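Asks: Once you've had a glance at the structure underneath, I'll fire off some questions.
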Amino acid sequence: MSARPGLAPSGGFEPLAFTALDDAEGLARAEAFRAAMRRRRTVRDFSPRPVPRAVIEAAVMTAASAPSGANQQPWTFACIADPAVKARIRAAAEAEEREFYEHRAGPDWLEALAPLGTDWRKPFLEVAPWLVVVFAQRHGIGPTGRRVKHYYVPESVGIACGLLIAALHAAGLATLTHTPAPMGFLNALCGRPENEKPMMIVVAGHPAEGCQVPRIGKKTLSEVAVFL
Ligand SMILES: Cc1cc2nc3c(=O)[nH]c(=O)nc-3n(C[C@H](O)[C@H](O)[C@H](O)COP(=O)(O)O)c2cc1C
């Protein structure tokens, strides 16, 4: 057995905990999960109704169970409920987004965003009870301060973000994946070191009463998959 810093003791092998299902039960569960996930929508209008920290902790631990390159778990989740911190993040994000919408975004990008009805204003960053800022650890820092190479960081963190969003949805919460560009300001506001790159803000909470979402479609199976 060996203990690596920050990781539970690991080493050797153990029996896989696995429950085999028959095909019908497997299909029923796959369809039920699909139906549940199909009801997930990105929400931009949140209620201030509080959400217990324990729910966020459980969702983050689901995210942190994700597979990762060489099991390096190259992520940090900054979970923010403090109104003062949320206000600072909103102010910084709106400054960047204003610049983006008014100057940086080209006509193609603005056209792609038009159906979503978004603009530079981001009140949800203060209204929603939780902001989870997901940071990708570009490299690790070993016990002696030595730089440790991390493998497949964007892939690993992307999977963790998917699990985070799914877990929050399963807990009856709405989410918004928010990516102010650029978002380097999040390091200072969340007190994270420079080896951590902010990937997204996952805004979490209950939807506002009467919340509306854009009517959008999803591609069909034959548009997204090929079977060989
Ligand atoms: C990587 C990524 C970045 C996104 N950034 C933003 C964003 O900055 N602001 C926003 O309002 N929505 C953002 N979205 C949400 C998408 O617009 C949304 O997922 C898409 O329109 C599909 O809608 P749905 O999530 O309800 O299926 C982002 C989504 C992803 C996956």
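In the structure tokens, chains take letters A, B, ... by order of appearance, with residues numbered from 1 within each chain and ligands from 1 in the order shown.
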Using the chain letters and numbers from this document, which residues of chain A does DSSP assign to helix (DSSP H, G or I), as a PDB file with C-alpha atoms, in the first residue's frame?
Replies:
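Wrote states-v6.pdb, looks like this:
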```
ATOM      1  CA  ASP A  23     -30.656  -6.960 -20.980  1.00  0.00           C
ATOM      2  CA  ALA A  24     -34.260  -5.847 -20.349  1.00  0.00           C
ATOM      3  CA  GLU A  25     -33.392  -4.268 -17.009  1.00  0.00           C
ATOM      4  CA  GLY A  26     -30.310  -2.628 -18.531  1.00  0.00           C
ATOM      5  CA  LEU A  27     -32.387  -1.121 -21.333  1.00  0.00           C
ATOM      6  CA  ALA A  28     -35.092   0.043 -18.923  1.00  0.00           C
ATOM      7  CA  ARG A  29     -32.485   1.807 -16.804  1.00  0.00           C
ATOM      8  CA  ALA A  30     -30.792   3.354 -19.837  1.00  0.00           C
ATOM      9  CA  GLU A  31     -34.161   4.691 -21.055  1.00  0.00           C
ATOM     10  CA  ALA A  32     -35.093   5.991 -17.600  1.00  0.00           C
ATOM     11  CA  PHE A  33     -31.769   7.793 -17.272  1.00  0.00           C
ATOM     12  CA  ARG A  34     -32.153   9.236 -20.761  1.00  0.00           C
ATOM     13  CA  ALA A  35     -35.633  10.537 -19.875  1.00  0.00           C
ATOM     14  CA  ALA A  36     -34.351  12.094 -16.661  1.00  0.00           C
ATOM     15  CA  MET A  37     -31.409  13.758 -18.404  1.00  0.00           C
ATOM     16  CA  ARG A  38     -33.606  14.949 -21.273  1.00  0.00           C
ATOM     17  CA  ARG A  53     -24.312  22.887   1.322  1.00  0.00           C
ATOM     18  CA  ALA A  54     -24.610  19.084   1.758  1.00  0.00           C
ATOM     19  CA  VAL A  55     -26.292  18.840  -1.664  1.00  0.00           C
ATOM     20  CA  ILE A  56     -23.423  20.713  -3.306  1.00  0.00           C
ATOM     21  CA  GLU A  57     -20.880  18.580  -1.437  1.00  0.00           C
ATOM     22  CA  ALA A  58     -22.537  15.358  -2.667  1.00  0.00           C
ATOM     23  CA  ALA A  59     -22.665  16.626  -6.270  1.00  0.00           C
ATOM     24  CA  VAL A  60     -19.014  17.684  -6.144  1.00  0.00           C
ATOM     25  CA  MET A  61     -18.022  14.262  -4.827  1.00  0.00           C
ATOM     26  CA  THR A  62     -19.916  12.677  -7.727  1.00  0.00           C
ATOM     27  CA  ALA A  63     -17.914  14.908 -10.082  1.00  0.00           C
ATOM     28  CA  GLY A  69      -5.851  10.475 -16.938  1.00  0.00           C
ATOM     29  CA  ALA A  70      -3.622   8.281 -14.703  1.00  0.00           C
ATOM     30  CA  ASN A  71      -6.168   8.910 -11.894  1.00  0.00           C
ATOM     31  CA  PRO A  83     -22.784  37.029  -1.361  1.00  0.00           C
ATOM     32  CA  ALA A  84     -19.724  39.324  -1.312  1.00  0.00           C
ATOM     33  CA  VAL A  85     -17.661  36.894  -3.407  1.00  0.00           C
ATOM     34  CA  LYS A  86     -20.578  36.320  -5.785  1.00  0.00           C
ATOM     35  CA  ALA A  87     -20.945  40.094  -6.230  1.00  0.00           C
ATOM     36  CA  ARG A  88     -17.258  40.439  -7.115  1.00  0.00           C
ATOM     37  CA  ILE A  89     -17.514  37.580  -9.624  1.00  0.00           C
ATOM     38  CA  ARG A  90     -20.591  39.164 -11.195  1.00  0.00           C
ATOM     39  CA  ALA A  91     -18.897  42.549 -11.545  1.00  0.00           C
ATOM     40  CA  ALA A  92     -15.771  41.045 -13.141  1.00  0.00           C
ATOM     41  CA  ALA A  93     -17.765  38.709 -15.419  1.00  0.00           C
ATOM     42  CA  GLU A  94     -20.057  41.496 -16.610  1.00  0.00           C
ATOM     43  CA  ALA A  95     -17.070  43.710 -17.434  1.00  0.00           C
ATOM     44  CA  GLU A  96     -15.586  40.939 -19.617  1.00  0.00           C
ATOM     45  CA  GLU A  97     -18.933  40.017 -21.153  1.00  0.00           C
ATOM     46  CA  ARG A  98     -19.746  43.638 -21.990  1.00  0.00           C
ATOM     47  CA  GLU A  99     -16.467  43.892 -23.841  1.00  0.00           C
ATOM     48  CA  PHE A 100     -17.217  40.558 -25.560  1.00  0.00           C
ATOM     49  CA  TYR A 101     -20.735  41.430 -26.715  1.00  0.00           C
ATOM     50  CA  GLU A 102     -19.864  45.000 -27.731  1.00  0.00           C
ATOM     51  CA  HIS A 103     -16.417  44.493 -29.303  1.00  0.00           C
ATOM     52  CA  ARG A 104     -14.792  41.041 -29.272  1.00  0.00           C
ATOM     53  CA  PRO A 107     -20.980  38.604 -36.234  1.00  0.00           C
ATOM     54  CA  ASP A 108     -20.969  34.787 -36.598  1.00  0.00           C
ATOM     55  CA  TRP A 109     -20.668  34.279 -32.850  1.00  0.00           C
ATOM     56  CA  LEU A 110     -23.380  36.831 -32.075  1.00  0.00           C
ATOM     57  CA  GLU A 111     -25.645  35.161 -34.632  1.00  0.00           C
ATOM     58  CA  ALA A 112     -25.091  31.739 -32.977  1.00  0.00           C
ATOM     59  CA  LEU A 113     -25.962  33.233 -29.566  1.00  0.00           C
ATOM     60  CA  ALA A 114     -29.036  35.152 -30.763  1.00  0.00           C
ATOM     61  CA  PRO A 115     -31.586  32.309 -30.219  1.00  0.00           C
ATOM     62  CA  LEU A 116     -30.505  32.068 -26.572  1.00  0.00           C
ATOM     63  CA  PHE A 124     -27.797  35.008 -11.912  1.00  0.00           C
ATOM     64  CA  LEU A 125     -24.223  35.186 -10.617  1.00  0.00           C
ATOM     65  CA  GLU A 126     -25.611  36.944  -7.528  1.00  0.00           C
ATOM     66  CA  VAL A 127     -29.145  35.527  -7.368  1.00  0.00           C
ATOM     67  CA  VAL A 153      -6.434  17.397 -18.280  1.00  0.00           C
ATOM     68  CA  PRO A 154      -9.203  18.979 -20.449  1.00  0.00           C
ATOM     69  CA  GLU A 155     -10.710  15.563 -21.194  1.00  0.00           C
ATOM     70  CA  SER A 156     -10.718  14.579 -17.515  1.00  0.00           C
ATOM     71  CA  VAL A 157     -12.145  17.879 -16.291  1.00  0.00           C
ATOM     72  CA  GLY A 158     -14.791  17.862 -19.046  1.00  0.00           C
ATOM     73  CA  ILE A 159     -16.027  14.475 -17.850  1.00  0.00           C
ATOM     74  CA  ALA A 160     -16.070  15.693 -14.234  1.00  0.00           C
ATOM     75  CA  CYS A 161     -18.099  18.748 -15.264  1.00  0.00           C
ATOM     76  CA  GLY A 162     -20.624  16.488 -17.007  1.00  0.00           C
ATOM     77  CA  LEU A 163     -21.018  14.399 -13.879  1.00  0.00           C
ATOM     78  CA  LEU A 164     -21.355  17.549 -11.760  1.00  0.00           C
ATOM     79  CA  ILE A 165     -24.159  18.880 -13.939  1.00  0.00           C
ATOM     80  CA  ALA A 166     -25.888  15.469 -13.993  1.00  0.00           C
ATOM     81  CA  ALA A 167     -25.609  15.145 -10.195  1.00  0.00           C
ATOM     82  CA  LEU A 168     -27.051  18.621  -9.603  1.00  0.00           C
ATOM     83  CA  HIS A 169     -29.885  17.837 -12.014  1.00  0.00           C
ATOM     84  CA  ALA A 170     -30.556  14.528 -10.211  1.00  0.00           C
ATOM     85  CA  PHE A 185     -10.037  36.895 -13.001  1.00  0.00           C
ATOM     86  CA  LEU A 186     -11.501  33.826 -11.248  1.00  0.00           C
ATOM     87  CA  ASN A 187      -8.071  32.765  -9.922  1.00  0.00           C
ATOM     88  CA  ALA A 188      -7.713  35.892  -7.799  1.00  0.00           C
ATOM     89  CA  LEU A 189     -11.364  35.971  -6.704  1.00  0.00           C
ATOM     90  CA  CYS A 190     -11.315  32.283  -5.695  1.00  0.00           C
ATOM     91  CA  LEU A 221     -29.402   9.460 -32.985  1.00  0.00           C
ATOM     92  CA  SER A 222     -28.509   9.124 -36.669  1.00  0.00           C
ATOM     93  CA  GLU A 223     -27.074  12.648 -36.641  1.00  0.00           C
ATOM     94  CA  VAL A 224     -24.812  12.041 -33.661  1.00  0.00           C
TER      95      VAL A 224
END
```
Asks: Taking only C-alpha atoms and all ligand atoms and a cut-off of 9 Å, can you tell me which residues surround ligand 1, written as a PyMOL selection string?
Replies: chain A and resi 38-44+97+113+115-119+122+158+162+175-181+199-201+213-218
Asks: Would you mind exporting the chosen residues as an mmCIF file, in the first residue's frame, restricted to N, CA and C atoms?
Replies:
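This is the output file part29.cif:
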```
data_model
loop_
_atom_site.group_PDB
_atom_site.id
_atom_site.type_symbol
_atom_site.label_atom_id
_atom_site.label_comp_id
_atom_site.auth_asym_id
_atom_site.auth_seq_id
_atom_site.Cartn_x
_atom_site.Cartn_y
_atom_site.Cartn_z
ATOM 1 N N ARG A 38 -32.980 14.135 -20.212
ATOM 2 C CA ARG A 38 -33.606 14.949 -21.273
ATOM 3 C C ARG A 38 -34.332 16.151 -20.673
ATOM 4 N N ARG A 39 -34.695 16.033 -19.393
ATOM 5 C CA ARG A 39 -35.377 17.160 -18.741
ATOM 6 C C ARG A 39 -34.385 18.202 -18.225
ATOM 7 N N ARG A 40 -33.086 17.940 -18.341
ATOM 8 C CA ARG A 40 -32.109 18.962 -17.950
ATOM 9 C C ARG A 40 -32.114 20.089 -18.966
ATOM 10 N N ARG A 41 -32.187 21.289 -18.493
ATOM 11 C CA ARG A 41 -32.074 22.455 -19.364
ATOM 12 C C ARG A 41 -31.175 23.482 -18.705
ATOM 13 N N THR A 42 -30.475 24.214 -19.520
ATOM 14 C CA THR A 42 -29.705 25.345 -19.012
ATOM 15 C C THR A 42 -30.677 26.459 -18.647
ATOM 16 N N VAL A 43 -30.562 26.933 -17.419
ATOM 17 C CA VAL A 43 -31.462 27.958 -16.892
ATOM 18 C C VAL A 43 -30.666 29.239 -16.650
ATOM 19 N N ARG A 44 -31.244 30.367 -16.991
ATOM 20 C CA ARG A 44 -30.545 31.648 -16.788
ATOM 21 C C ARG A 44 -31.296 32.566 -15.843
ATOM 22 N N GLU A 97 -17.863 40.359 -20.212
ATOM 23 C CA GLU A 97 -18.933 40.017 -21.153
ATOM 24 C C GLU A 97 -19.404 41.238 -21.943
ATOM 25 N N LEU A 113 -25.425 33.021 -30.925
ATOM 26 C CA LEU A 113 -25.962 33.233 -29.566
ATOM 27 C C LEU A 113 -27.377 33.813 -29.587
ATOM 28 N N PRO A 115 -30.397 33.053 -30.671
ATOM 29 C CA PRO A 115 -31.586 32.309 -30.219
ATOM 30 C C PRO A 115 -31.660 32.138 -28.708
ATOM 31 N N LEU A 116 -30.516 32.277 -28.024
ATOM 32 C CA LEU A 116 -30.505 32.068 -26.572
ATOM 33 C C LEU A 116 -30.924 33.316 -25.814
ATOM 34 N N GLY A 117 -30.943 34.459 -26.490
ATOM 35 C CA GLY A 117 -31.390 35.699 -25.856
ATOM 36 C C GLY A 117 -30.442 36.195 -24.774
ATOM 37 N N THR A 118 -29.170 35.842 -24.847
ATOM 38 C CA THR A 118 -28.234 36.275 -23.800
ATOM 39 C C THR A 118 -27.639 37.640 -24.129
ATOM 40 N N ASP A 119 -27.183 38.345 -23.108
ATOM 41 C CA ASP A 119 -26.426 39.587 -23.316
ATOM 42 C C ASP A 119 -25.378 39.691 -22.208
ATOM 43 N N LYS A 122 -25.423 39.565 -16.152
ATOM 44 C CA LYS A 122 -25.374 38.238 -15.536
ATOM 45 C C LYS A 122 -25.895 38.272 -14.092
ATOM 46 N N GLY A 158 -13.506 17.821 -18.320
ATOM 47 C CA GLY A 158 -14.791 17.862 -19.046
ATOM 48 C C GLY A 158 -15.730 16.773 -18.558
ATOM 49 N N GLY A 162 -19.383 17.161 -16.592
ATOM 50 C CA GLY A 162 -20.624 16.488 -17.007
ATOM 51 C C GLY A 162 -21.274 15.774 -15.831
ATOM 52 N N THR A 175 -29.113 24.161 -13.509
ATOM 53 C CA THR A 175 -27.740 24.649 -13.648
ATOM 54 C C THR A 175 -27.603 25.532 -14.877
ATOM 55 N N LEU A 176 -26.560 26.313 -14.852
ATOM 56 C CA LEU A 176 -26.128 27.087 -16.022
ATOM 57 C C LEU A 176 -24.620 26.927 -16.127
ATOM 58 N N THR A 177 -24.173 26.512 -17.287
ATOM 59 C CA THR A 177 -22.734 26.447 -17.561
ATOM 60 C C THR A 177 -22.347 27.831 -18.056
ATOM 61 N N HIS A 178 -21.569 28.564 -17.286
ATOM 62 C CA HIS A 178 -21.241 29.933 -17.687
ATOM 63 C C HIS A 178 -19.737 30.044 -17.906
ATOM 64 N N THR A 179 -19.387 30.629 -19.063
ATOM 65 C CA THR A 179 -17.965 30.733 -19.436
ATOM 66 C C THR A 179 -17.646 32.162 -19.866
ATOM 67 N N PRO A 180 -17.557 33.093 -18.898
ATOM 68 C CA PRO A 180 -17.148 34.436 -19.292
ATOM 69 C C PRO A 180 -15.767 34.358 -19.936
ATOM 70 N N ALA A 181 -15.559 35.144 -20.977
ATOM 71 C CA ALA A 181 -14.280 35.024 -21.695
ATOM 72 C C ALA A 181 -13.590 36.381 -21.786
ATOM 73 N N MET A 199 -12.171 26.714 -15.847
ATOM 74 C CA MET A 199 -12.808 26.116 -17.030
ATOM 75 C C MET A 199 -14.235 26.611 -17.216
ATOM 76 N N MET A 200 -14.970 26.727 -16.143
ATOM 77 C CA MET A 200 -16.361 27.182 -16.239
ATOM 78 C C MET A 200 -16.898 27.478 -14.851
ATOM 79 N N ILE A 201 -17.958 28.274 -14.833
ATOM 80 C CA ILE A 201 -18.717 28.468 -13.596
ATOM 81 C C ILE A 201 -19.999 27.651 -13.766
ATOM 82 N N VAL A 213 -37.191 29.011 -20.960
ATOM 83 C CA VAL A 213 -35.930 28.588 -21.594
ATOM 84 C C VAL A 213 -36.121 28.625 -23.110
ATOM 85 N N PRO A 214 -35.035 28.833 -23.842
ATOM 86 C CA PRO A 214 -35.170 28.866 -25.303
ATOM 87 C C PRO A 214 -35.699 27.527 -25.821
ATOM 88 N N ARG A 215 -36.559 27.590 -26.825
ATOM 89 C CA ARG A 215 -37.041 26.349 -27.450
ATOM 90 C C ARG A 215 -35.968 25.917 -28.442
ATOM 91 N N ILE A 216 -35.267 24.860 -28.097
ATOM 92 C CA ILE A 216 -34.166 24.385 -28.948
ATOM 93 C C ILE A 216 -34.348 22.902 -29.188
ATOM 94 N N GLY A 217 -33.715 22.406 -30.227
ATOM 95 C CA GLY A 217 -33.797 20.973 -30.513
ATOM 96 C C GLY A 217 -32.481 20.288 -30.188
ATOM 97 N N LYS A 218 -32.520 18.995 -30.148
ATOM 98 C CA LYS A 218 -31.298 18.187 -30.013
ATOM 99 C C LYS A 218 -31.210 17.288 -31.239
#
```
Asks: If I take CA of Ala204 (chain A) and CA of Met183 (chain A), how far is one from the other in Å, to one decimal?
Replies: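 Calculated distance between CA of Ala204 (chain A) and CA of Met183 (chain A) is 18.5 Å.
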Asks: If you count only C-alpha atoms, which residues fall within 6 Å of Ala136 (chain A), apart from same-chain ones fewer than 5 positions away, as a ChimeraX atom specification?
Replies: /A:74-75,196-197
Asks: What is the distance between CA of Trp120 (chain A) and CA of Pro182 (chain A), in Å to one decimal?
Replies: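 Rounded to one decimal, the two atoms are 13.3 Å apart.
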